[in-house]
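The file run-v4.pdb comes next; it holds PDB, C-alpha atoms and all ligand atoms.
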```
ATOM      1  CA  MET D 125      23.342 -10.576  16.287  1.00  0.00           C
ATOM      2  CA  TYR D 126      20.264  -8.317  16.330  1.00  0.00           C
ATOM      3  CA  ASP D 127      19.737  -6.186  13.201  1.00  0.00           C
ATOM      4  CA  ASN D 128      18.074  -2.848  14.014  1.00  0.00           C
ATOM      5  CA  ASP D 129      16.795  -2.552  10.455  1.00  0.00           C
ATOM      6  CA  ASN D 130      14.493  -5.598  10.611  1.00  0.00           C
ATOM      7  CA  VAL D 131      10.858  -4.899   9.773  1.00  0.00           C
ATOM      8  CA  PHE D 132       9.554  -5.393  13.332  1.00  0.00           C
ATOM      9  CA  ALA D 133      12.149  -2.977  14.734  1.00  0.00           C
ATOM     10  CA  LYS D 134      10.835  -0.439  12.216  1.00  0.00           C
ATOM     11  CA  ILE D 135       7.247  -1.126  13.315  1.00  0.00           C
ATOM     12  CA  LEU D 136       8.266  -0.582  16.966  1.00  0.00           C
ATOM     13  CA  ARG D 137       9.882   2.744  16.000  1.00  0.00           C
ATOM     14  CA  GLY D 138       6.745   3.769  14.102  1.00  0.00           C
ATOM     15  CA  GLN D 139       8.589   3.837  10.776  1.00  0.00           C
ATOM     16  CA  ILE D 140       6.269   1.207   9.266  1.00  0.00           C
ATOM     17  CA  PRO D 141       2.531   1.130  10.062  1.00  0.00           C
ATOM     18  CA  CYS D 142       0.776  -1.864  11.596  1.00  0.00           C
ATOM     19  CA  LYS D 143      -2.783  -2.809  12.457  1.00  0.00           C
ATOM     20  CA  GLU D 144      -2.524  -2.884  16.231  1.00  0.00           C
ATOM     21  CA  VAL D 145      -4.430  -5.368  18.393  1.00  0.00           C
ATOM     22  CA  TYR D 146      -2.854  -4.828  21.804  1.00  0.00           C
ATOM     23  CA  SER D 147      -0.023  -2.738  23.196  1.00  0.00           C
ATOM     24  CA  ASP D 148       1.621  -2.173  26.576  1.00  0.00           C
ATOM     25  CA  ASP D 149       5.081  -1.311  27.933  1.00  0.00           C
ATOM     26  CA  THR D 150       6.428  -4.788  27.078  1.00  0.00           C
ATOM     27  CA  VAL D 151       4.663  -6.001  23.925  1.00  0.00           C
ATOM     28  CA  LEU D 152       3.099  -4.877  20.684  1.00  0.00           C
ATOM     29  CA  ALA D 153       0.574  -7.151  18.956  1.00  0.00           C
ATOM     30  CA  PHE D 154      -0.581  -6.555  15.393  1.00  0.00           C
ATOM     31  CA  TYR D 155      -2.191  -8.386  12.477  1.00  0.00           C
ATOM     32  CA  ASP D 156       0.100 -10.398  10.193  1.00  0.00           C
ATOM     33  CA  VAL D 157       0.269  -8.767   6.763  1.00  0.00           C
ATOM     34  CA  ALA D 158      -0.050 -12.176   5.045  1.00  0.00           C
ATOM     35  CA  PRO D 159      -2.539 -14.098   7.232  1.00  0.00           C
ATOM     36  CA  ARG D 160      -2.514 -17.908   7.099  1.00  0.00           C
ATOM     37  CA  ALA D 161      -5.536 -18.311   9.380  1.00  0.00           C
ATOM     38  CA  LYS D 162      -8.837 -16.487   9.841  1.00  0.00           C
ATOM     39  CA  VAL D 163      -7.201 -14.657  12.746  1.00  0.00           C
ATOM     40  CA  HIS D 164      -3.419 -14.277  12.497  1.00  0.00           C
ATOM     41  CA  VAL D 165      -1.643 -11.901  14.857  1.00  0.00           C
ATOM     42  CA  LEU D 166       1.989 -11.423  15.852  1.00  0.00           C
ATOM     43  CA  VAL D 167       3.115 -10.524  19.369  1.00  0.00           C
ATOM     44  CA  ILE D 168       6.568  -8.973  19.696  1.00  0.00           C
ATOM     45  CA  PRO D 169       8.543  -7.782  22.710  1.00  0.00           C
ATOM     46  CA  ARG D 170       9.706  -4.165  22.918  1.00  0.00           C
ATOM     47  CA  GLY D 171      13.317  -5.319  23.122  1.00  0.00           C
ATOM     48  CA  GLU D 172      16.114  -6.478  20.873  1.00  0.00           C
ATOM     49  CA  TYR D 173      15.900 -10.281  20.819  1.00  0.00           C
ATOM     50  CA  THR D 174      16.374 -12.298  17.646  1.00  0.00           C
ATOM     51  CA  ASP D 175      14.492 -15.465  18.599  1.00  0.00           C
ATOM     52  CA  ILE D 176      13.146 -17.537  21.493  1.00  0.00           C
ATOM     53  CA  PHE D 177      16.655 -18.741  22.395  1.00  0.00           C
ATOM     54  CA  ASP D 178      18.002 -15.195  22.621  1.00  0.00           C
ATOM     55  CA  PHE D 179      14.876 -14.044  24.481  1.00  0.00           C
ATOM     56  CA  THR D 180      14.855 -16.795  27.117  1.00  0.00           C
ATOM     57  CA  GLN D 181      18.628 -16.527  27.621  1.00  0.00           C
ATOM     58  CA  ASN D 182      18.989 -12.747  27.762  1.00  0.00           C
ATOM     59  CA  ALA D 183      15.716 -11.017  28.645  1.00  0.00           C
ATOM     60  CA  PRO D 184      15.218 -10.258  32.367  1.00  0.00           C
ATOM     61  CA  ALA D 185      12.845 -12.710  34.068  1.00  0.00           C
ATOM     62  CA  ASP D 186      10.217 -10.054  34.870  1.00  0.00           C
ATOM     63  CA  PHE D 187      10.280  -8.915  31.242  1.00  0.00           C
ATOM     64  CA  GLN D 188       9.734 -12.496  30.062  1.00  0.00           C
ATOM     65  CA  ILE D 189       6.765 -12.868  32.396  1.00  0.00           C
ATOM     66  CA  ALA D 190       5.343  -9.546  31.185  1.00  0.00           C
ATOM     67  CA  PHE D 191       5.760 -10.748  27.586  1.00  0.00           C
ATOM     68  CA  TRP D 192       3.680 -13.883  28.165  1.00  0.00           C
ATOM     69  CA  LYS D 193       1.061 -11.808  29.978  1.00  0.00           C
ATOM     70  CA  GLY D 194       0.969  -9.646  26.847  1.00  0.00           C
ATOM     71  CA  VAL D 195       0.392 -12.780  24.749  1.00  0.00           C
ATOM     72  CA  ARG D 196      -2.471 -13.681  27.075  1.00  0.00           C
ATOM     73  CA  LYS D 197      -3.954 -10.161  26.876  1.00  0.00           C
ATOM     74  CA  THR D 198      -3.747 -10.327  23.086  1.00  0.00           C
ATOM     75  CA  VAL D 199      -5.647 -13.639  23.011  1.00  0.00           C
ATOM     76  CA  GLU D 200      -8.283 -12.175  25.335  1.00  0.00           C
ATOM     77  CA  THR D 201      -8.579  -9.044  23.209  1.00  0.00           C
ATOM     78  CA  LEU D 202      -9.087 -11.198  20.111  1.00  0.00           C
ATOM     79  CA  GLY D 203     -11.678 -13.341  21.920  1.00  0.00           C
ATOM     80  CA  VAL D 204     -10.100 -16.604  20.750  1.00  0.00           C
ATOM     81  CA  ARG D 205      -9.388 -18.165  24.151  1.00  0.00           C
ATOM     82  CA  ASP D 206     -11.049 -21.459  23.172  1.00  0.00           C
ATOM     83  CA  ASN D 207      -9.360 -21.955  19.811  1.00  0.00           C
ATOM     84  CA  PHE D 208      -5.889 -20.656  19.069  1.00  0.00           C
ATOM     85  CA  ARG D 209      -2.357 -21.789  18.353  1.00  0.00           C
ATOM     86  CA  THR D 210       0.954 -20.202  19.205  1.00  0.00           C
ATOM     87  CA  VAL D 211       3.942 -20.657  16.914  1.00  0.00           C
ATOM     88  CA  ALA D 212       7.453 -19.297  17.366  1.00  0.00           C
ATOM     89  CA  ASN D 213       9.495 -20.153  14.279  1.00  0.00           C
ATOM     90  CA  THR D 214      13.141 -20.287  15.254  1.00  0.00           C
ATOM     91  CA  GLY D 215      16.078 -20.211  12.882  1.00  0.00           C
ATOM     92  CA  ARG D 216      16.219 -20.106   9.115  1.00  0.00           C
ATOM     93  CA  GLY D 217      15.494 -23.841   8.888  1.00  0.00           C
ATOM     94  CA  SER D 218      12.070 -23.247  10.424  1.00  0.00           C
ATOM     95  CA  GLY D 219      11.190 -20.515   7.956  1.00  0.00           C
ATOM     96  CA  GLN D 220      11.784 -17.665  10.424  1.00  0.00           C
ATOM     97  CA  SER D 221      11.972 -14.662   8.146  1.00  0.00           C
ATOM     98  CA  VAL D 222      12.050 -11.758  10.620  1.00  0.00           C
ATOM     99  CA  MET D 223      14.859 -11.939  13.142  1.00  0.00           C
ATOM    100  CA  HIS D 224      13.030 -10.178  15.955  1.00  0.00           C
ATOM    101  CA  PHE D 225      11.468 -12.670  18.389  1.00  0.00           C
ATOM    102  CA  HIS D 226       7.745 -13.012  17.747  1.00  0.00           C
ATOM    103  CA  VAL D 227       4.897 -15.341  18.568  1.00  0.00           C
ATOM    104  CA  HIS D 228       2.229 -16.080  15.990  1.00  0.00           C
ATOM    105  CA  ILE D 229      -1.308 -16.351  17.353  1.00  0.00           C
ATOM    106  CA  MET D 230      -3.589 -18.099  14.916  1.00  0.00           C
ATOM    107  CA  SER D 231      -7.252 -19.017  15.195  1.00  0.00           C
ATOM    108  CA  ASP D 232      -9.375 -20.736  12.580  1.00  0.00           C
ATOM    109  CA  ASP D 233     -12.456 -22.946  12.531  1.00  0.00           C
ATOM    110  CA  ARG D 234     -10.586 -25.587  10.509  1.00  0.00           C
ATOM    111  CA  PHE D 235      -8.195 -26.248  13.434  1.00  0.00           C
ATOM    112  CA  ARG D 236     -10.934 -28.304  15.080  1.00  0.00           C
ATOM    113  CA  GLU D 237     -10.986 -30.779  12.212  1.00  0.00           C
ATOM    114  CA  GLU D 238      -7.214 -31.139  11.812  1.00  0.00           C
ATOM    115  CA  PHE D 239      -6.511 -33.308  14.859  1.00  0.00           C
TER     116      PHE D 239
HETATM  117  P1  LIG E   1       8.244 -15.764  10.564  1.00  0.00           P
HETATM  118  O1  LIG E   1       8.184 -16.397   9.223  1.00  0.00           O
HETATM  119  O2  LIG E   1       7.929 -16.696  11.699  1.00  0.00           O
HETATM  120  O3  LIG E   1       9.534 -14.999  10.784  1.00  0.00           O
HETATM  121  O4  LIG E   1       7.070 -14.697  10.595  1.00  0.00           O
HETATM  122  C1  LIG E   1       7.201 -13.396  10.117  1.00  0.00           C
HETATM  123  C2  LIG E   1       5.822 -12.940   9.792  1.00  0.00           C
HETATM  124  O5  LIG E   1       5.842 -11.543   9.659  1.00  0.00           O
HETATM  125  C3  LIG E   1       5.242 -13.494   8.486  1.00  0.00           C
HETATM  126  O6  LIG E   1       4.064 -14.235   8.768  1.00  0.00           O
HETATM  127  C4  LIG E   1       4.960 -12.244   7.658  1.00  0.00           C
HETATM  128  O7  LIG E   1       3.768 -12.350   6.917  1.00  0.00           O
HETATM  129  C5  LIG E   1       4.876 -11.165   8.710  1.00  0.00           C
HETATM  130  N1  LIG E   1       5.197  -9.821   8.295  1.00  0.00           N
HETATM  131  C6  LIG E   1       6.257  -9.407   7.557  1.00  0.00           C
HETATM  132  N2  LIG E   1       6.239  -8.067   7.403  1.00  0.00           N
HETATM  133  C7  LIG E   1       5.132  -7.619   8.076  1.00  0.00           C
HETATM  134  C8  LIG E   1       4.560  -6.330   8.295  1.00  0.00           C
HETATM  135  N3  LIG E   1       5.105  -5.215   7.795  1.00  0.00           N
HETATM  136  N4  LIG E   1       3.421  -6.246   9.017  1.00  0.00           N
HETATM  137  C9  LIG E   1       2.840  -7.379   9.521  1.00  0.00           C
HETATM  138  N5  LIG E   1       3.348  -8.610   9.367  1.00  0.00           N
HETATM  139  C10 LIG E   1       4.475  -8.741   8.647  1.00  0.00           C
END
```

Now that the file is in, can you turn its structure into structure tokens?
Amino acid sequence: MYDNDNVFAKILRGQIPCKEVYSDDTVLAFYDVAPRAKVHVLVIPRGEYTDIFDFTQNAPADFQIAFWKGVRKTVETLGVRDNFRTVANTGRGSGQSVMHFHVHIMSDDRFREEF
């Protein structure tokens, strides 16, 4: 069940500020307030979906495609095409703390040494 009072819903309504990276009709991308990588950005859809299960089950197909294009645009805007990770925490067990579907985009020099 989607909660309209979650922090990302408030950001979408302009009730809480964010440091915007990329925006279009489908997505908003902004810097994570508590970065865990040199570059740490969140991409969220402009729609009421709690997580990746809800999103892939219930969002129209063209909206889902537009979302992933927005992720791509965000990566291009950040200039991290050659070194980034996407993470979509799902469910409380994963540590998902905001129940509005979001994709983390993280880029850091140390990623190269980790694998
Ligand atoms: P998750 O743990 O996957 O649900 O990710 C939620 C993310 O949202 C965390 O990395 C938080 O640091 C981030 N976050 C929470 N509130 C804000 C906010 N007001 N602006 C930007 N990022 C936020």

Selection: 7 Å around His224 of chain D, all atoms listed in the file, excl. self and same-chain fewer than 4 positions, as a PyMOL selection string: chain D and resi 132+172-175

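Picked by the PyMOL selection byres (((chain D and resi 141) around 12) and not hetatm) from the coordinates shown: Val131, Phe132, Ala133, Lys134, Ile135, Leu136, Arg137, Gly138, Gln139, Ile140, Cys142, Lys143, Glu144, Phe154, Tyr155, Asp156 and Val157 of chain D.
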
Tell me which residues the PyMOL selection byres (((chain D and resi 207) around 12) and not hetatm) grabs here, as a PyMOL selection string. chain D and resi 161-163+199-200+202-206+208-210+229-237

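Shortest atom-to-atom contact with ligand LIG 1 (chain E) among D:Phe177, D:Tyr126, D:Trp192, D:Phe225: D:Phe225, counting only C-alpha atoms and all ligand atoms.
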
Apply the PyMOL selection byres (((chain D and resi 226) around 7) and not hetatm) to the file shown and report the selected residues as a PyMOL selection string. chain D and resi 166-168+212+224-225+227-228

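Relative to atom CA of Ser218 of chain D, atom O7 of ligand LIG 1 (chain E) is found at 14.1 Å.
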
Which distance in Å separates atom CA of Val145 of chain D and atom CA of Val165 of chain D, to one decimal? 7.9 Å

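Compared by their closest atoms to ligand LIG 1 (chain E), and using only C-alpha atoms and all ligand atoms, the residues D:Arg160, D:Asp149, D:Met125, D:Phe191 rank with D:Arg160 nearest.
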
Near-Phe187 of chain D list (12 Å; only C-alpha atoms; drop same-chain fewer than 3 positions) as number ranges by chain: D: 148-151, 169-171, 173, 179-184, 190-194

Take the residues just selected and output them with C-alpha atoms as a PDB file, keeping the file's coordinate frame.
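Written file, result-v2.pdb:
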```pdb
ATOM      1  CA  ASP D 148       1.621  -2.173  26.576  1.00  0.00           C
ATOM      2  CA  ASP D 149       5.081  -1.311  27.933  1.00  0.00           C
ATOM      3  CA  THR D 150       6.428  -4.788  27.078  1.00  0.00           C
ATOM      4  CA  VAL D 151       4.663  -6.001  23.925  1.00  0.00           C
ATOM      5  CA  PRO D 169       8.543  -7.782  22.710  1.00  0.00           C
ATOM      6  CA  ARG D 170       9.706  -4.165  22.918  1.00  0.00           C
ATOM      7  CA  GLY D 171      13.317  -5.319  23.122  1.00  0.00           C
ATOM      8  CA  TYR D 173      15.900 -10.281  20.819  1.00  0.00           C
ATOM      9  CA  PHE D 179      14.876 -14.044  24.481  1.00  0.00           C
ATOM     10  CA  THR D 180      14.855 -16.795  27.117  1.00  0.00           C
ATOM     11  CA  GLN D 181      18.628 -16.527  27.621  1.00  0.00           C
ATOM     12  CA  ASN D 182      18.989 -12.747  27.762  1.00  0.00           C
ATOM     13  CA  ALA D 183      15.716 -11.017  28.645  1.00  0.00           C
ATOM     14  CA  PRO D 184      15.218 -10.258  32.367  1.00  0.00           C
ATOM     15  CA  ALA D 190       5.343  -9.546  31.185  1.00  0.00           C
ATOM     16  CA  PHE D 191       5.760 -10.748  27.586  1.00  0.00           C
ATOM     17  CA  TRP D 192       3.680 -13.883  28.165  1.00  0.00           C
ATOM     18  CA  LYS D 193       1.061 -11.808  29.978  1.00  0.00           C
ATOM     19  CA  GLY D 194       0.969  -9.646  26.847  1.00  0.00           C
TER      20      GLY D 194
END
```

D:Gln220, D:Gln188, D:Asn130, D:Thr201: which is nearest Ala153 of chain D, counting all atoms listed in the file? D:Thr201

Please define a box with edges along x, y and z of the file around all atoms of ligand LIG 1 (chain E) given in the file, extend it by 8 Å on each side, and return its centre and edge lengths in Å to one decimal, as lines of an AutoDock Vina configuration file.
```
center_x = 6.2
center_y = -11.0
center_z = 9.3
size_x = 22.7
size_y = 27.5
size_z = 20.8
```

Quote the spacing between atom CA of Gly219 of chain D and atom CA of Asp186 of chain D in Å to one decimal place. 28.9 Å

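Minimum atom-to-atom distance to ligand LIG 1 (chain E), evaluated using only C-alpha atoms and all ligand atoms, belongs to D:Ala158 out of D:His164, D:Ala158, D:Ile189, D:Val211.
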
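Among the candidates D:Arg216, D:Arg196, D:Asn128, D:Glu238, the residue lying nearest to ligand LIG 1 (chain E) is D:Arg216 (atoms considered: only C-alpha atoms and all ligand atoms).
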
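Each of D:Val222, D:Leu152, D:Ala185, D:Ile176 was checked against ligand LIG 1 (chain E) using all atoms listed in the file; the smallest atom-to-atom distance is that of D:Val222.
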